[in-house]
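A.B. asks: Below is the structure I would like to discuss, written out as structure tokens.
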Amino acid sequence: MKTARSIRGMTDILPEEVGCYQLVESVFRDILHRYGYDEIRLPMVEYAELFKRSIGSETDIVEKEMYTFLDRSDELLCLRPEGTAGCVRAVVQNGLINQGSIKKLWYMGPMFRYERPQRGRQRQFNQMGVEVFGEESTEVELEILLLCDRIWRNLNIEDLVQLEINTIGDLDSRKSYVTSLTSYLQKYSDDLDDDSKRRLSTNPLRILDSKDDKTQKILSNAPNFTDFVDHKSRGHFEKLCNSLEGLGIPYNVNPALVRGLDYYNRTVFEWTTKELGAQGTICGGGRYDGLVEKFSNKSSAAVGCAFGIERLVMLTRSLSSQENQLSSVADIYIIAVGEEARMMAIRCAENIRSEIPSWRVLQNLGAGSIKSQLKRANKSDSKIAIIIGPEEVASKCVTLKFLRDDLEQESVVESQLISRLKDI
RNA sequence: GUGGCCGUAGCUCAUCAGGUAGAGCACCGGAUUGUGGCUCCGGAGGUAGUGGGUUCAAGACCCAUCGGCCACCCCA
């Protein structure tokens with residue numbers, strides 16, 4: 001059946017996997033709460049223009065990865081490819097940033113990018129994100145990195161991740177570096193690989209990432225980005241690095257780390273892992289002091305980052321263990337044979353659910369012999385089966401059968417059931 | 001968008017000089033009357049991703065298409 005198929009790259013998260021998601025999400029929620037961040041819930045659809053202006057129209061995301069469409073009023077909309085732009089929009093629109101005060105927010109939800117799916121990459125994927133508005137000191141970066149580190153530790157993946165960090169200076173220093181780099185590379189343009197040739201005119205900074213040996217050779221004599229970073233940014237970065245050292249957070253300065261979104265300035269960082277194949281970034285972010293003023297007559301410093309939930313789930317799962325954390329184990333399975341018994345069974349089930357809320361009570365749905373119902377009870381992993389048939393109806397008793405322990409089954413008067421169960 | 005590998009029962013896979021498909025697990029039922037787990041017996045379940053082509057004959061060969069995986073690209 002062709003129609004019973006999900007869209008490419010948009011996968012179902014099956015019941016057996018949901019436990020892992022809930023675990024990752026609850027760790028995130030808990031830690032963000034403890035650091036004093038508030039949740040904000042944002043729409044999945046925004047004006048396409050929002051992303052063009054914030055992420056940058058020359059970027060891959062905007063150029064070829066957005067789900068863009070016209071709605072019935074001919075408005076050009078798109079499915080959000082990331083969370084920061086929408087968060088900035090919301091913060092400006094709702095007047096959440098006041099001069100001189102700091103706003104700390106987090107959000108969670110699906111993002112959409114039209115890319116070829118592969119390990120760790122889907123067209124619909126889930127992110128958790130953090131944004132802090134209104135403070136330009138390195139303390140913000142530091143707090144976010146500390147909070148990341150705490151998340152890794154809570155998920156027991158701290159040994160599997162590394163922090164890569166860099167500064168890309170302010171807008172002016174980036175501009176002058178780009179002109180310098182471009183004019184240098186222009187001289188060798190014939191020897192560059194095809195991708196890099198193309199990027200020479202679109203996004204020269206990206207050439208630094210080229211995997212081509214010849215291109216890398218050319219780059220070895222290219223002007224150094226570090227020399228172009230403005231003094232303030234450099235100082236900012238050094239201060240951050242010193243603080244990280246002081247706090248014992250290992251990091252690696254990666255001069256080639258240039259993020260693919262235009263809104264960043266100064267600090268950029270990525271937490272990566274080698275466990276996930278080619279898509280090793282589990283969290284990426286940085287500072288974007290200039291973005292708010294693009295949508296507002298005010299300006300505000302800002303830092304943020306986003307976590308890939310699927311990738312974190314894969315990572316925590318690659319550690320084995322906690323799979324099926326919240327899988328379908330039950331406490332009680334109720335078996336009924338006959339119409340009157342069924343009514344009695346429902347009564348008992350509801351009664352237990354009211355009186356012992358922490359228990360998971362399954363009731364056999366549909367008919368079946370006692371034997372087949374007991375088989376199901378066994379498969380449900382229930383500890384106890386309650387059997388109710390004509391005999392039980394007649395005697396106003398229920399039969400308790402212990403499925404995991406070597407105990408005699410017993411008969412309990414219906415009115416005594418709860419107190420008997422509470423003793424177990 | 002590009003490249004490599006792959007697509008047979010719910011799942012994992014076999015079948016392969018091309019002659020209209022099998023196993024294990026799972027599922028359902030039974031082994032004397034209302035009792036699970038172990039064992040034994042039986043049953044159901046596949047137009048071999050889809051569409052063309054080659055052939056007397058194709059799951060097996062060719063082409064296309066869709067999908068999956070992995071990589072490039074880029075990123076979470």
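Every chain in the structure tokens has a letter given in the order shown (A, B, ...), and although residue numbers restart at 1 in each chain, ligands are simply numbered from 1 in the order shown.
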What lies within 8 Å of Thr281 of chain A using only C-alpha atoms (C1' of nucleotides), ignoring chain neighbours under 2 positions off, as an MDAnalysis selection string?
C.D. replies: (chainID A and resid 270:273 279 283:284) or (chainID B and resid 75:76)
A.B. asks: Counting only C-alpha atoms (C1' of nucleotides), which residues from chain B have an atom at most 10 Å from any atom of chain A, and could you show them as an MDAnalysis selection string?
C.D. replies: chainID B and resid 1 28:29 34:37 49:50 66:71 73:76
A.B. asks: Given the selection you just returned, output its residues as a file containing N, CA and C atoms (P, O5', C5', C4', C3', O3' and C1' of nucleotides), formatted as a tab-separated table (two decimals), in the first residue's frame.
C.D. replies:
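So the final result, stored in out-v9.tsv, reads:
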```
chain	number	residue	atom	x	y	z
B	1	G	P	16.90	16.02	-6.12
B	1	G	O5'	18.43	16.32	-6.38
B	1	G	C5'	18.81	17.35	-7.27
B	1	G	C4'	20.30	17.52	-7.21
B	1	G	C3'	21.12	16.24	-7.20
B	1	G	O3'	21.26	15.71	-8.50
B	1	G	C1'	21.96	17.71	-5.56
B	28	C	P	-0.86	-14.51	20.08
B	28	C	O5'	-1.83	-15.45	19.25
B	28	C	C5'	-2.91	-14.90	18.51
B	28	C	C4'	-3.57	-15.98	17.69
B	28	C	C3'	-3.91	-17.26	18.46
B	28	C	O3'	-5.11	-17.15	19.18
B	28	C	C1'	-2.84	-17.83	16.44
B	29	G	P	-5.24	-17.98	20.51
B	29	G	O5'	-5.41	-19.47	19.99
B	29	G	C5'	-6.57	-19.86	19.26
B	29	G	C4'	-6.43	-21.25	18.73
B	29	G	C3'	-6.18	-22.34	19.76
B	29	G	O3'	-7.36	-22.75	20.44
B	29	G	C1'	-4.75	-22.67	17.92
B	34	G	P	-13.08	-25.66	30.00
B	34	G	O5'	-12.32	-24.74	31.03
B	34	G	C5'	-11.24	-25.19	31.75
B	34	G	C4'	-10.81	-24.02	32.58
B	34	G	C3'	-10.13	-24.44	33.87
B	34	G	O3'	-8.73	-24.27	33.77
B	34	G	C1'	-11.62	-22.59	34.16
B	35	U	P	-7.82	-25.36	33.06
B	35	U	O5'	-6.39	-24.65	32.95
B	35	U	C5'	-6.12	-23.70	31.90
B	35	U	C4'	-5.23	-22.65	32.50
B	35	U	C3'	-3.98	-23.26	33.11
B	35	U	O3'	-2.92	-22.72	32.34
B	35	U	C1'	-5.06	-21.68	34.58
B	36	G	P	-1.75	-23.46	31.74
B	36	G	O5'	-0.88	-22.19	31.33
B	36	G	C5'	-1.35	-21.33	30.30
B	36	G	C4'	-0.50	-20.10	30.26
B	36	G	C3'	1.00	-20.38	30.25
B	36	G	O3'	1.43	-20.59	28.92
B	36	G	C1'	0.50	-18.71	31.85
B	37	G	P	2.57	-21.65	28.57
B	37	G	O5'	3.88	-20.89	29.07
B	37	G	C5'	4.33	-19.67	28.43
B	37	G	C4'	5.48	-19.16	29.27
B	37	G	C3'	6.66	-20.12	29.29
B	37	G	O3'	7.77	-19.52	28.62
B	37	G	C1'	5.98	-19.49	31.51
B	49	G	P	11.12	-7.22	-4.20
B	49	G	O5'	10.57	-5.87	-3.60
B	49	G	C5'	9.48	-5.90	-2.68
B	49	G	C4'	8.74	-4.59	-2.75
B	49	G	C3'	8.12	-4.31	-4.11
B	49	G	O3'	6.82	-4.87	-4.19
B	49	G	C1'	9.34	-2.42	-3.37
B	50	U	P	6.32	-5.50	-5.57
B	50	U	O5'	6.09	-4.22	-6.49
B	50	U	C5'	5.11	-3.25	-6.14
B	50	U	C4'	5.21	-2.06	-7.06
B	50	U	C3'	5.24	-2.38	-8.55
B	50	U	O3'	3.93	-2.58	-9.07
B	50	U	C1'	6.95	-0.84	-8.06
B	66	C	P	12.14	8.57	-8.43
B	66	C	O5'	11.51	7.78	-7.19
B	66	C	C5'	10.12	7.87	-6.92
B	66	C	C4'	9.73	6.83	-5.90
B	66	C	C3'	10.56	6.82	-4.63
B	66	C	O3'	10.15	7.80	-3.70
B	66	C	C1'	10.35	4.62	-5.42
B	67	G	P	11.24	8.41	-2.70
B	67	G	O5'	11.58	7.18	-1.74
B	67	G	C5'	10.61	6.71	-0.82
B	67	G	C4'	11.07	5.42	-0.20
B	67	G	C3'	12.38	5.49	0.57
B	67	G	O3'	12.23	6.04	1.85
B	67	G	C1'	12.36	3.57	-0.79
B	68	G	P	13.49	6.72	2.57
B	68	G	O5'	14.35	5.46	3.01
B	68	G	C5'	13.84	4.54	3.95
B	68	G	C4'	14.82	3.42	4.15
B	68	G	C3'	16.23	3.85	4.54
B	68	G	O3'	16.33	4.14	5.92
B	68	G	C1'	16.36	2.23	2.84
B	69	C	P	17.35	5.26	6.41
B	69	C	O5'	18.75	4.51	6.31
B	69	C	C5'	19.00	3.34	7.06
B	69	C	C4'	20.28	2.70	6.60
B	69	C	C3'	21.49	3.61	6.61
B	69	C	O3'	22.08	3.71	7.89
B	69	C	C1'	21.41	2.44	4.57
B	70	C	P	22.72	5.08	8.36
B	70	C	O5'	24.02	5.21	7.46
B	70	C	C5'	25.13	4.35	7.69
B	70	C	C4'	26.13	4.47	6.57
B	70	C	C3'	26.71	5.86	6.31
B	70	C	O3'	27.69	6.22	7.25
B	70	C	C1'	26.18	4.82	4.26
B	71	A	P	27.92	7.77	7.55
B	71	A	O5'	28.61	8.33	6.22
B	71	A	C5'	29.94	7.98	5.91
B	71	A	C4'	30.28	8.41	4.50
B	71	A	C3'	30.22	9.90	4.19
B	71	A	O3'	31.33	10.61	4.70
B	71	A	C1'	29.26	8.70	2.41
B	73	C	P	32.57	16.92	2.50
B	73	C	O5'	31.33	17.79	2.02
B	73	C	C5'	31.40	18.55	0.82
B	73	C	C4'	30.05	19.13	0.52
B	73	C	C3'	29.45	19.99	1.63
B	73	C	O3'	29.93	21.32	1.59
B	73	C	C1'	27.83	18.45	0.87
B	74	C	P	30.54	21.95	2.91
B	74	C	O5'	29.27	22.06	3.87
B	74	C	C5'	28.30	23.08	3.63
B	74	C	C4'	27.02	22.71	4.30
B	74	C	C3'	26.99	22.80	5.82
B	74	C	O3'	26.80	24.13	6.27
B	74	C	C1'	25.98	20.79	5.13
B	75	C	P	27.17	24.55	7.73
B	75	C	O5'	26.25	23.59	8.60
B	75	C	C5'	25.15	24.10	9.33
B	75	C	C4'	24.23	22.98	9.67
B	75	C	C3'	24.17	22.60	11.16
B	75	C	O3'	23.20	23.38	11.82
B	75	C	C1'	24.47	20.65	9.84
B	76	A	P	23.36	23.71	13.38
B	76	A	O5'	22.71	22.44	14.08
B	76	A	C5'	22.34	22.53	15.43
B	76	A	C4'	22.18	21.13	15.98
B	76	A	C3'	23.35	20.23	15.61
B	76	A	O3'	24.32	20.27	16.62
B	76	A	C1'	21.26	19.18	15.11
```
A.B. asks: With a distance cut-off of 12 Å and only C-alpha atoms (C1' of nucleotides), select the neighbouring residues of Asp190 of chain A, excluding the residue or stretch itself and same-chain residues fewer than 5 positions from it, and output the selection as JSON, numbers by chain.
C.D. replies: {"A": [185, 195, 196, 197, 198, 200, 214, 215, 218]}
A.B. asks: Atom CA of Gly86 of chain A and atom CA of Tyr67 of chain A, how far apart in Å?
C.D. replies: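 These atoms are spaced 15.2 Å apart.
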A.B. asks: What separation in Å, quoted to one decimal, exists between atom CA of Thr138 of chain A and atom CA of Lys239 of chain A?
C.D. replies: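 These two atoms are separated by 7.1 Å.
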A.B. asks: Just the residues within 9 Å of Ile97 of chain A, please, counting only C-alpha atoms (C1' of nucleotides), with nothing from its chain fewer than 6 positions along; format it as an MDAnalysis selection string.
C.D. replies: chainID A and resid 91 103 133:134 300
A.B. asks: I need the chosen residues saved as an mmCIF file, in the first residue's frame, with all heavy atoms.
C.D. replies:
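The result, written out as result-v5.cif:
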```
data_model
loop_
_atom_site.group_PDB
_atom_site.id
_atom_site.type_symbol
_atom_site.label_atom_id
_atom_site.label_comp_id
_atom_site.auth_asym_id
_atom_site.auth_seq_id
_atom_site.Cartn_x
_atom_site.Cartn_y
_atom_site.Cartn_z
ATOM 1 N N VAL A 91 10.633 36.985 20.850
ATOM 2 C CA VAL A 91 11.124 37.830 21.930
ATOM 3 C C VAL A 91 10.912 39.311 21.582
ATOM 4 O O VAL A 91 10.503 40.114 22.411
ATOM 5 C CB VAL A 91 12.611 37.475 22.162
ATOM 6 C CG1 VAL A 91 13.376 38.668 22.663
ATOM 7 C CG2 VAL A 91 12.742 36.301 23.102
ATOM 8 N N LYS A 103 17.230 37.749 29.676
ATOM 9 C CA LYS A 103 16.152 36.782 29.458
ATOM 10 C C LYS A 103 16.780 35.456 29.085
ATOM 11 O O LYS A 103 17.576 35.368 28.147
ATOM 12 C CB LYS A 103 15.249 37.285 28.326
ATOM 13 C CG LYS A 103 13.891 36.642 28.308
ATOM 14 C CD LYS A 103 13.012 37.258 29.373
ATOM 15 C CE LYS A 103 11.740 36.445 29.550
ATOM 16 N NZ LYS A 103 11.052 36.848 30.796
ATOM 17 N N PHE A 133 19.362 36.340 26.202
ATOM 18 C CA PHE A 133 19.390 37.681 25.628
ATOM 19 C C PHE A 133 19.803 38.703 26.681
ATOM 20 O O PHE A 133 19.425 38.589 27.850
ATOM 21 C CB PHE A 133 17.994 38.049 25.106
ATOM 22 C CG PHE A 133 17.524 37.156 24.007
ATOM 23 C CD1 PHE A 133 16.722 36.050 24.284
ATOM 24 C CD2 PHE A 133 17.882 37.404 22.687
ATOM 25 C CE1 PHE A 133 16.290 35.218 23.270
ATOM 26 C CE2 PHE A 133 17.455 36.569 21.663
ATOM 27 C CZ PHE A 133 16.652 35.468 21.957
ATOM 28 N N GLY A 134 20.594 39.682 26.255
ATOM 29 C CA GLY A 134 20.813 40.844 27.097
ATOM 30 C C GLY A 134 22.113 40.887 27.871
ATOM 31 O O GLY A 134 22.247 41.706 28.775
ATOM 32 N N SER A 300 20.283 43.814 21.273
ATOM 33 C CA SER A 300 20.506 43.012 22.465
ATOM 34 C C SER A 300 21.566 41.968 22.170
ATOM 35 O O SER A 300 21.529 41.315 21.123
ATOM 36 C CB SER A 300 19.205 42.307 22.872
ATOM 37 O OG SER A 300 19.471 41.354 23.883
#
```
A.B. asks: So the first atom is atom CA of Asp406 of chain A and the second is atom C1' of A31 of chain B; what is the distance between them in Å, to one decimal place?
C.D. replies: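 Separation of atom CA of Asp406 of chain A and atom C1' of A31 of chain B: 24.6 Å.
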A.B. asks: Near G10 of chain B, within 12 Å and counting only C-alpha atoms (C1' of nucleotides), which residues show up once chain neighbours fewer than 3 positions away are dropped, as a ChimeraX atom specification?
C.D. replies: /B:25-27,45-46
A.B. asks: Output the selection as a PDB file, in the first residue's frame - C-alpha atoms (C1' of nucleotides) for each residue.
C.D. replies:
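Result file part_5.pdb:
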```
ATOM      1  C1'   C B  25      11.917 -15.786  15.982  1.00  0.00           C
ATOM      2  C1'   A B  26       7.121 -13.547  16.610  1.00  0.00           C
ATOM      3  C1'   C B  27       1.731 -14.501  16.036  1.00  0.00           C
ATOM      4  C1'   G B  45       0.936 -15.145   6.868  1.00  0.00           C
ATOM      5  C1'   G B  46       4.706 -13.223   0.779  1.00  0.00           C
TER       6        G B  46
END
```
A.B. asks: Near G22 of chain B, within 12 Å and counting only C-alpha atoms (C1' of nucleotides), which residues show up once chain neighbours fewer than 6 positions away are dropped, as a PyMOL selection string?
C.D. replies: chain B and resi 8-9+13-15+46
A.B. asks: How about saving the chosen residues, N, CA and C atoms (P, O5', C5', C4', C3', O3' and C1' of nucleotides) kept, as a CSV table (one decimal), in the first residue's frame?
C.D. replies:
```csv
chain,number,residue,atom,x,y,z
B,8,U,P,13.5,-7.2,1.3
B,8,U,O5',12.4,-8.4,1.1
B,8,U,C5',11.6,-8.4,0.0
B,8,U,C4',11.2,-9.8,-0.3
B,8,U,C3',10.8,-10.6,1.0
B,8,U,O3',9.5,-10.3,1.4
B,8,U,C1',12.2,-11.9,-0.4
B,9,A,P,9.3,-9.9,2.8
B,9,A,O5',7.8,-10.3,3.2
B,9,A,C5',7.2,-10.1,4.4
B,9,A,C4',6.4,-11.2,4.9
B,9,A,C3',6.2,-11.3,6.4
B,9,A,O3',4.9,-10.8,6.8
B,9,A,C1',6.6,-13.4,5.4
B,13,C,P,19.4,-9.0,8.5
B,13,C,O5',19.5,-10.5,8.1
B,13,C,C5',19.6,-11.0,6.7
B,13,C,C4',19.4,-12.5,6.8
B,13,C,C3',19.4,-13.2,5.4
B,13,C,O3',20.7,-13.4,4.9
B,13,C,C1',17.6,-14.0,6.7
B,14,A,P,20.9,-13.7,3.4
B,14,A,O5',20.2,-15.1,3.2
B,14,A,C5',21.0,-16.3,3.3
B,14,A,C4',20.2,-17.5,3.2
B,14,A,C3',19.9,-18.1,1.8
B,14,A,O3',21.1,-18.6,1.2
B,14,A,C1',18.0,-18.4,3.1
B,15,U,P,21.4,-18.4,-0.3
B,15,U,O5',20.2,-19.1,-1.1
B,15,U,C5',19.9,-20.4,-0.9
B,15,U,C4',18.6,-20.8,-1.6
B,15,U,C3',18.6,-20.5,-3.1
B,15,U,O3',19.0,-21.6,-3.8
B,15,U,C1',16.6,-19.7,-2.0
B,46,G,P,-0.4,-13.5,2.4
B,46,G,O5',1.0,-13.2,1.9
B,46,G,C5',1.7,-12.0,2.3
B,46,G,C4',2.9,-11.9,1.5
B,46,G,C3',2.8,-12.1,0.0
B,46,G,O3',2.4,-10.8,-0.6
B,46,G,C1',4.7,-13.2,0.8
```
A.B. asks: DSSP says alpha helix (DSSP H) for which residues of segment 140-366 of chain A? Put them as a ChimeraX atom specification?
C.D. replies: /A:140-154,171-186,194-202,213-219,225-228,231-247,309-318,339-355
A.B. asks: To test your reading of the structure, identify every residue in segment 140-353 of chain A that backbone DSSP assigns to strand (DSSP E or B), and report it as a PyMOL selection string.
C.D. replies: chain A and resi 161-167+252-253+265-273+281-287+302-308+332-336
A.B. asks: Store the residues of this selection in a file with N, CA and C atoms, as a CSV table (one decimal), in the first residue's frame.
C.D. replies:
```
chain,number,residue,atom,x,y,z
A,161,VAL,N,32.1,13.0,24.3
A,161,VAL,CA,32.0,14.3,23.6
A,161,VAL,C,33.2,15.2,23.8
A,162,GLN,N,33.4,16.1,22.8
A,162,GLN,CA,34.5,17.0,22.9
A,162,GLN,C,33.9,18.4,22.5
A,163,LEU,N,34.5,19.4,23.1
A,163,LEU,CA,34.1,20.8,22.8
A,163,LEU,C,35.0,21.4,21.9
A,164,GLU,N,34.5,21.9,20.7
A,164,GLU,CA,35.3,22.6,19.8
A,164,GLU,C,34.8,24.1,19.9
A,165,ILE,N,35.8,25.0,19.9
A,165,ILE,CA,35.4,26.4,20.1
A,165,ILE,C,36.3,27.3,19.2
A,166,ASN,N,35.7,28.4,18.8
A,166,ASN,CA,36.4,29.4,18.0
A,166,ASN,C,35.8,30.7,18.1
A,167,THR,N,36.6,31.7,17.7
A,167,THR,CA,35.9,33.1,17.6
A,167,THR,C,36.0,33.5,16.1
A,252,ASN,N,38.9,22.4,22.7
A,252,ASN,CA,39.8,22.4,21.6
A,252,ASN,C,39.5,23.6,20.7
A,253,VAL,N,40.5,24.5,20.6
A,253,VAL,CA,40.3,25.7,19.7
A,253,VAL,C,40.5,25.2,18.3
A,265,ASN,N,28.5,35.9,15.7
A,265,ASN,CA,29.7,36.7,15.8
A,265,ASN,C,30.5,36.3,17.0
A,266,ARG,N,31.7,36.6,17.1
A,266,ARG,CA,32.6,36.2,18.2
A,266,ARG,C,32.5,34.7,18.4
A,267,THR,N,32.0,34.3,19.6
A,267,THR,CA,32.1,32.9,20.0
A,267,THR,C,31.2,32.0,19.1
A,268,VAL,N,31.8,30.9,18.6
A,268,VAL,CA,31.1,29.8,18.0
A,268,VAL,C,31.6,28.5,18.6
A,269,PHE,N,30.7,27.5,18.8
A,269,PHE,CA,31.2,26.3,19.4
A,269,PHE,C,30.3,25.1,18.9
A,270,GLU,N,30.9,23.9,19.0
A,270,GLU,CA,30.2,22.7,18.7
A,270,GLU,C,30.7,21.6,19.7
A,271,TRP,N,29.7,20.9,20.2
A,271,TRP,CA,30.1,19.7,20.9
A,271,TRP,C,29.9,18.5,19.9
A,272,THR,N,31.0,17.8,19.8
A,272,THR,CA,31.0,16.7,18.8
A,272,THR,C,31.3,15.3,19.4
A,273,THR,N,31.0,14.3,18.7
A,273,THR,CA,31.3,12.9,19.2
A,273,THR,C,31.8,12.1,18.0
A,281,THR,N,28.0,16.2,15.2
A,281,THR,CA,27.7,17.4,16.1
A,281,THR,C,26.4,17.1,16.8
A,282,ILE,N,26.5,17.1,18.2
A,282,ILE,CA,25.3,16.9,18.9
A,282,ILE,C,24.7,18.2,19.5
A,283,CYS,N,25.5,19.2,19.4
A,283,CYS,CA,25.1,20.5,19.9
A,283,CYS,C,25.9,21.6,19.3
A,284,GLY,N,25.3,22.6,18.8
A,284,GLY,CA,26.0,23.7,18.1
A,284,GLY,C,25.5,25.1,18.5
A,285,GLY,N,26.3,26.1,18.6
A,285,GLY,CA,25.8,27.4,18.9
A,285,GLY,C,26.8,28.4,18.9
A,286,GLY,N,26.5,29.6,19.5
A,286,GLY,CA,27.4,30.7,19.5
A,286,GLY,C,26.7,32.0,19.9
A,287,ARG,N,27.4,33.0,19.7
A,287,ARG,CA,26.9,34.4,20.0
A,287,ARG,C,26.4,35.0,18.8
A,302,ALA,N,23.3,38.4,22.5
A,302,ALA,CA,22.6,37.1,22.6
A,302,ALA,C,23.5,36.0,22.4
A,303,VAL,N,23.3,34.9,23.1
A,303,VAL,CA,24.0,33.6,22.9
A,303,VAL,C,23.0,32.5,22.9
A,304,GLY,N,23.3,31.5,22.1
A,304,GLY,CA,22.4,30.3,22.1
A,304,GLY,C,23.0,29.1,21.5
A,305,CYS,N,22.3,28.0,21.7
A,305,CYS,CA,22.8,26.8,21.1
A,305,CYS,C,21.6,25.8,21.0
A,306,ALA,N,21.8,24.8,20.1
A,306,ALA,CA,20.7,23.8,19.9
A,306,ALA,C,21.3,22.4,20.0
A,307,PHE,N,20.5,21.5,20.5
A,307,PHE,CA,20.9,20.1,20.7
A,307,PHE,C,20.0,19.3,19.7
A,308,GLY,N,20.7,18.3,19.1
A,308,GLY,CA,19.9,17.4,18.3
A,308,GLY,C,19.5,16.2,19.1
A,332,ILE,N,-0.6,-5.4,37.0
A,332,ILE,CA,-1.7,-6.3,37.1
A,332,ILE,C,-2.4,-6.5,35.8
A,333,TYR,N,-2.8,-7.8,35.5
A,333,TYR,CA,-3.5,-8.1,34.3
A,333,TYR,C,-4.8,-8.7,34.7
A,334,ILE,N,-5.9,-8.2,34.3
A,334,ILE,CA,-7.2,-8.7,34.7
A,334,ILE,C,-7.9,-9.5,33.6
A,335,ILE,N,-8.2,-10.7,34.0
A,335,ILE,CA,-8.8,-11.7,33.1
A,335,ILE,C,-10.3,-11.9,33.4
A,336,ALA,N,-11.1,-11.9,32.4
A,336,ALA,CA,-12.6,-12.1,32.6
A,336,ALA,C,-13.1,-13.0,31.6
```
